[in-house]
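Student: Just target_16.csv, nothing more (CSV, C-alpha atoms):
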chain,number,residue,atom,x,y,z
H,251,MET,CA,-40.5,-4.7,-59.1
H,252,ASN,CA,-42.0,-5.9,-55.8
H,253,ASP,CA,-39.3,-8.5,-55.4
H,254,ILE,CA,-36.4,-6.1,-56.0
H,255,ASP,CA,-34.7,-4.8,-52.8
H,256,ILE,CA,-34.5,-1.1,-53.6
H,257,PRO,CA,-34.6,1.0,-50.4
H,258,MET,CA,-35.8,4.3,-51.9
H,259,VAL,CA,-37.5,5.6,-55.1
H,260,LEU,CA,-37.5,9.3,-55.9
H,261,VAL,CA,-40.4,10.3,-58.1
H,262,GLY,CA,-38.9,13.4,-59.6
H,263,ASP,CA,-40.2,16.5,-61.2
H,264,SER,CA,-38.1,15.4,-64.2
H,265,ALA,CA,-41.3,13.6,-65.2
H,266,SER,CA,-42.2,17.0,-66.5
H,267,MET,CA,-39.8,16.4,-69.4
H,268,VAL,CA,-39.7,12.6,-69.7
H,269,VAL,CA,-43.4,11.9,-69.3
H,270,TYR,CA,-45.3,15.1,-70.2
H,271,GLY,CA,-42.9,16.5,-72.8
H,272,TYR,CA,-42.3,19.9,-71.3
H,273,ASN,CA,-39.0,21.7,-71.9
H,274,ASN,CA,-38.0,21.8,-68.2
H,275,THR,CA,-39.3,20.9,-64.7
H,276,MET,CA,-41.2,24.2,-64.1
H,277,PRO,CA,-44.6,23.4,-65.7
H,278,ILE,CA,-45.4,20.2,-64.0
H,279,THR,CA,-48.3,20.5,-61.5
H,280,MET,CA,-49.1,18.9,-58.2
H,281,GLU,CA,-51.9,17.0,-59.9
H,282,GLU,CA,-49.5,15.5,-62.5
H,283,LEU,CA,-46.9,14.5,-59.9
H,284,LEU,CA,-49.6,13.1,-57.6
H,285,LEU,CA,-50.8,10.9,-60.4
H,286,ILE,CA,-47.3,9.6,-61.2
H,287,THR,CA,-46.4,9.1,-57.5
H,288,LYS,CA,-49.6,7.1,-56.9
H,289,SER,CA,-48.8,5.0,-60.0
H,290,VAL,CA,-45.3,4.3,-58.6
H,291,GLU,CA,-46.7,3.5,-55.2
H,292,ARG,CA,-49.0,0.8,-56.7
H,293,GLY,CA,-46.0,-0.9,-58.3
H,294,ILE,CA,-43.6,-0.9,-55.3
H,295,ASN,CA,-44.3,-2.3,-51.9
H,296,LYS,CA,-41.0,-2.2,-50.0
H,297,ALA,CA,-39.2,1.0,-51.0
H,298,LEU,CA,-39.6,4.4,-49.4
H,299,ILE,CA,-41.2,6.6,-52.0
H,300,VAL,CA,-40.1,10.2,-52.0
H,301,ALA,CA,-42.3,12.6,-53.9
H,302,ASP,CA,-40.6,15.7,-55.5
H,303,MET,CA,-42.6,18.8,-54.6
H,304,PRO,CA,-43.0,20.8,-57.9
H,305,PHE,CA,-42.2,24.4,-58.5
H,306,MET,CA,-44.4,26.8,-56.5
H,307,SER,CA,-45.9,24.0,-54.5
H,308,TYR,CA,-44.0,25.1,-51.4
H,309,GLN,CA,-42.1,28.4,-52.1
H,310,SER,CA,-45.0,30.9,-51.5
H,311,SER,CA,-45.9,30.0,-48.0
H,312,ILE,CA,-45.5,27.5,-45.2
H,313,ASP,CA,-49.2,26.8,-45.2
H,314,LYS,CA,-49.1,25.9,-48.9
H,315,ALA,CA,-46.0,23.7,-48.3
H,316,LEU,CA,-47.7,21.9,-45.5
H,317,GLU,CA,-50.9,21.3,-47.5
H,318,ASN,CA,-49.1,20.0,-50.6
H,319,ALA,CA,-46.7,17.8,-48.6
H,320,GLY,CA,-49.7,16.3,-46.9
H,321,LYS,CA,-51.3,15.6,-50.2
H,322,PHE,CA,-48.3,13.6,-51.3
H,323,ILE,CA,-48.5,11.5,-48.2
H,324,LYS,CA,-52.3,11.1,-48.0
H,325,LYS,CA,-53.3,10.9,-51.7
H,326,SER,CA,-50.3,9.3,-53.4
H,327,GLY,CA,-48.8,6.9,-50.8
H,328,ALA,CA,-45.5,8.7,-50.7
H,329,GLY,CA,-43.5,8.3,-47.4
H,330,ALA,CA,-41.5,11.5,-47.8
H,331,VAL,CA,-41.2,14.6,-49.9
H,332,LYS,CA,-38.2,16.3,-51.5
H,333,LEU,CA,-37.8,20.0,-52.0
H,334,GLU,CA,-35.1,22.2,-53.5
H,335,GLY,CA,-33.1,24.9,-51.7
H,336,GLY,CA,-30.6,25.6,-49.0
H,337,LYS,CA,-30.9,27.8,-46.0
H,338,GLU,CA,-33.7,29.9,-47.7
H,339,VAL,CA,-36.1,26.9,-47.3
H,340,CYS,CA,-35.0,25.6,-43.9
H,341,ASN,CA,-38.1,27.1,-42.2
H,342,ILE,CA,-40.3,25.2,-44.7
H,343,ILE,CA,-38.3,22.0,-44.1
H,344,SER,CA,-38.6,22.2,-40.4
H,345,SER,CA,-42.3,23.0,-40.6
H,346,ILE,CA,-43.0,19.9,-42.7
H,347,VAL,CA,-40.8,17.7,-40.5
H,348,ASN,CA,-42.6,19.1,-37.4
H,349,ILE,CA,-46.0,17.7,-38.6
H,350,GLY,CA,-44.5,14.3,-39.1
H,351,ILE,CA,-43.6,14.2,-42.8
H,352,PRO,CA,-40.0,13.2,-43.6
H,353,VAL,CA,-38.2,15.7,-45.9
H,354,MET,CA,-35.3,15.1,-48.4
H,355,GLY,CA,-33.4,18.2,-49.3
H,356,HIS,CA,-31.9,19.1,-52.6
H,357,ILE,CA,-29.1,21.6,-52.9
H,358,ARG,CA,-27.0,23.3,-55.6
H,359,LEU,CA,-27.9,22.4,-59.2
H,360,LYS,CA,-31.6,22.9,-58.7
H,361,PRO,CA,-33.7,22.3,-61.8
H,362,GLN,CA,-36.5,24.5,-60.5
H,363,SER,CA,-34.1,27.4,-60.5
H,364,PHE,CA,-33.3,26.8,-64.1
H,365,HIS,CA,-33.9,30.4,-65.1
H,366,GLN,CA,-31.8,31.9,-62.2
H,367,THR,CA,-28.8,29.8,-63.1
H,368,SER,CA,-29.1,30.2,-66.9
H,369,GLY,CA,-29.4,26.5,-67.4
H,370,TYR,CA,-27.9,23.4,-66.0
H,371,LYS,CA,-24.3,24.2,-64.9
H,372,ILE,CA,-21.9,22.6,-62.4
H,373,GLN,CA,-22.1,24.4,-59.1
H,374,GLY,CA,-19.4,24.8,-56.4
H,375,LYS,CA,-16.3,25.1,-58.6
H,376,SER,CA,-14.8,28.0,-56.6
H,377,ILE,CA,-13.8,27.7,-52.9
H,378,ASN,CA,-16.4,30.4,-52.0
H,379,ASP,CA,-19.2,28.5,-53.8
H,380,ALA,CA,-18.1,25.2,-52.3
H,381,GLU,CA,-18.2,26.7,-48.8
H,382,LYS,CA,-21.8,28.0,-49.5
H,383,ILE,CA,-22.8,24.5,-50.6
H,384,MET,CA,-21.4,22.9,-47.4
H,385,LEU,CA,-23.1,25.6,-45.3
H,386,ASP,CA,-26.4,24.9,-47.1
H,387,ALA,CA,-26.0,21.2,-46.5
H,388,ILE,CA,-25.5,21.7,-42.8
H,389,GLU,CA,-28.5,24.1,-42.5
H,390,VAL,CA,-30.8,21.7,-44.4
H,391,GLN,CA,-29.6,18.9,-42.0
H,392,LYS,CA,-30.3,21.0,-39.0
H,393,ALA,CA,-33.7,21.8,-40.3
H,394,GLY,CA,-34.5,18.1,-40.1
H,395,ALA,CA,-33.9,16.7,-43.6
H,396,PHE,CA,-33.1,13.0,-43.5
H,397,ALA,CA,-31.1,13.1,-46.7
H,398,ILE,CA,-29.8,15.6,-49.3
H,399,VAL,CA,-29.6,15.3,-53.0
H,400,LEU,CA,-26.3,16.9,-54.2
H,401,GLU,CA,-26.7,17.5,-57.9
H,402,GLY,CA,-24.2,19.0,-60.3
H,403,ILE,CA,-21.3,19.5,-58.0
H,404,PRO,CA,-17.6,18.5,-58.5
H,405,SER,CA,-16.8,15.1,-57.1
H,406,GLN,CA,-14.1,16.5,-54.8
H,407,LEU,CA,-16.9,18.5,-53.0
What does this structure look like when you write it as structure tokens?
Tutor:
Amino acid sequence: MNDIDIPMVLVGDSASMVVYGYNNTMPITMEELLLITKSVERGINKALIVADMPFMSYQSSIDKALENAGKFIKKSGAGAVKLEGGKEVCNIISSIVNIGIPVMGHIRLKPQSFHQTSGYKIQGKSINDAEKIMLDAIEVQKAGAFAIVLEGIPSQL
């Protein structure tokens, strides 16, 4: 893959299901994702590698988020991290960006919120929900995210 011109590779927490055989993304650990990200890094030398921060690796505190984001950069060779959430995680995004780690946001269908949303359902079908998604995107951008994953939304949105 070294000769393929792919600009970015996201090492996702979906490895929880496709590599480790879990039922959803929740059980995957930092250690498991660090190992996979490091493996990807050894096989790719041009692309920006974005490491997906797993469930509870950033939600409980800014200090924990900074420590775990740093692990992905230092130990796995990732060049950026991705985390799920809208305005509720903007303080975490800005804190990570402020220490020099690029952050990719991820809004709406959020696999780590699987239990809150009762599964994987299309988000933003109503005008009210669509407006919330747009506001989340703006807030995540203002917090410093360089890109945003928009998952499970209508194409019109």
Student: List the spatial neighbours of region 313-327 of chain H as a PyMOL selection string - criterion: any atom at most 10 Å away, all atoms listed in the file, same-chain residues fewer than 3 positions off excluded.
Tutor: chain H and resi 280-281+283-292+298-304+306-310+330-333+342-343+345-353
Student: Between H:Ile294, H:Met276, H:Ile312, H:Ile403, which one has atoms that come closest to Ile256 (chain H), using all atoms listed in the file?
Tutor: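 That would be H:Ile294, the residue with the smallest distance to Ile256 (chain H).
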Student: Quick one: distance from CA of Gly355 (chain H) to CA of Val390 (chain H) in Å, one decimal?
Tutor: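 Distance between the two atoms: 6.6 Å.
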Student: Between CA of Ala387 (chain H) and CA of Leu260 (chain H), what is the distance, to one decimal in Å?
Tutor: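 Going from CA of Ala387 (chain H) over to CA of Leu260 (chain H) covers 19.0 Å.
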Student: Grab the CA of Ser311 (chain H) to CA of Val339 (chain H) distance for me, in Å with one decimal place.
Tutor: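 It comes out at 10.3 Å.
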Student: In terms of the shortest atom-to-atom distance over only C-alpha atoms, which of H:Leu407, H:Ile357, H:Ala328, H:Ala265 is closest to Asp386 (chain H)?
Tutor: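 Under the stated criterion, the closest residue is H:Ile357.
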Student: Between H:Gly394, H:Pro277, H:Pro404, H:Gly329, which one has atoms that come closest to Arg358 (chain H), using all atoms listed in the file?
Tutor: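 The shortest atom-to-atom distance to Arg358 (chain H) comes from H:Pro404.
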Student: Centre and edge lengths, as lines of an AutoDock Vina configuration file, for the axis-aligned box enclosing every listed atom of region 376-382 of chain H with 4 Å of padding on each of the six sides, in Å to one decimal?
Tutor:
center_x = -17.8
center_y = 27.8
center_z = -52.7
size_x = 16.0
size_y = 13.2
size_z = 15.8
Student: Rank nothing, just name the residue among H:Phe305, H:Ser405, H:Ala397, H:Lys382 nearest to Asn274 (chain H), using all atoms listed in the file.
Tutor: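 Of H:Phe305, H:Ser405, H:Ala397, H:Lys382, the one nearest Asn274 (chain H), counting all atoms listed in the file, is H:Phe305.
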Student: Measuring between all atoms listed in the file, which one of H:Asn378, H:Thr279, H:Asn295, H:Asn341 shows the shortest distance to Ser264 (chain H)?
Tutor: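 For Ser264 (chain H), the nearest of the given residues is H:Thr279.
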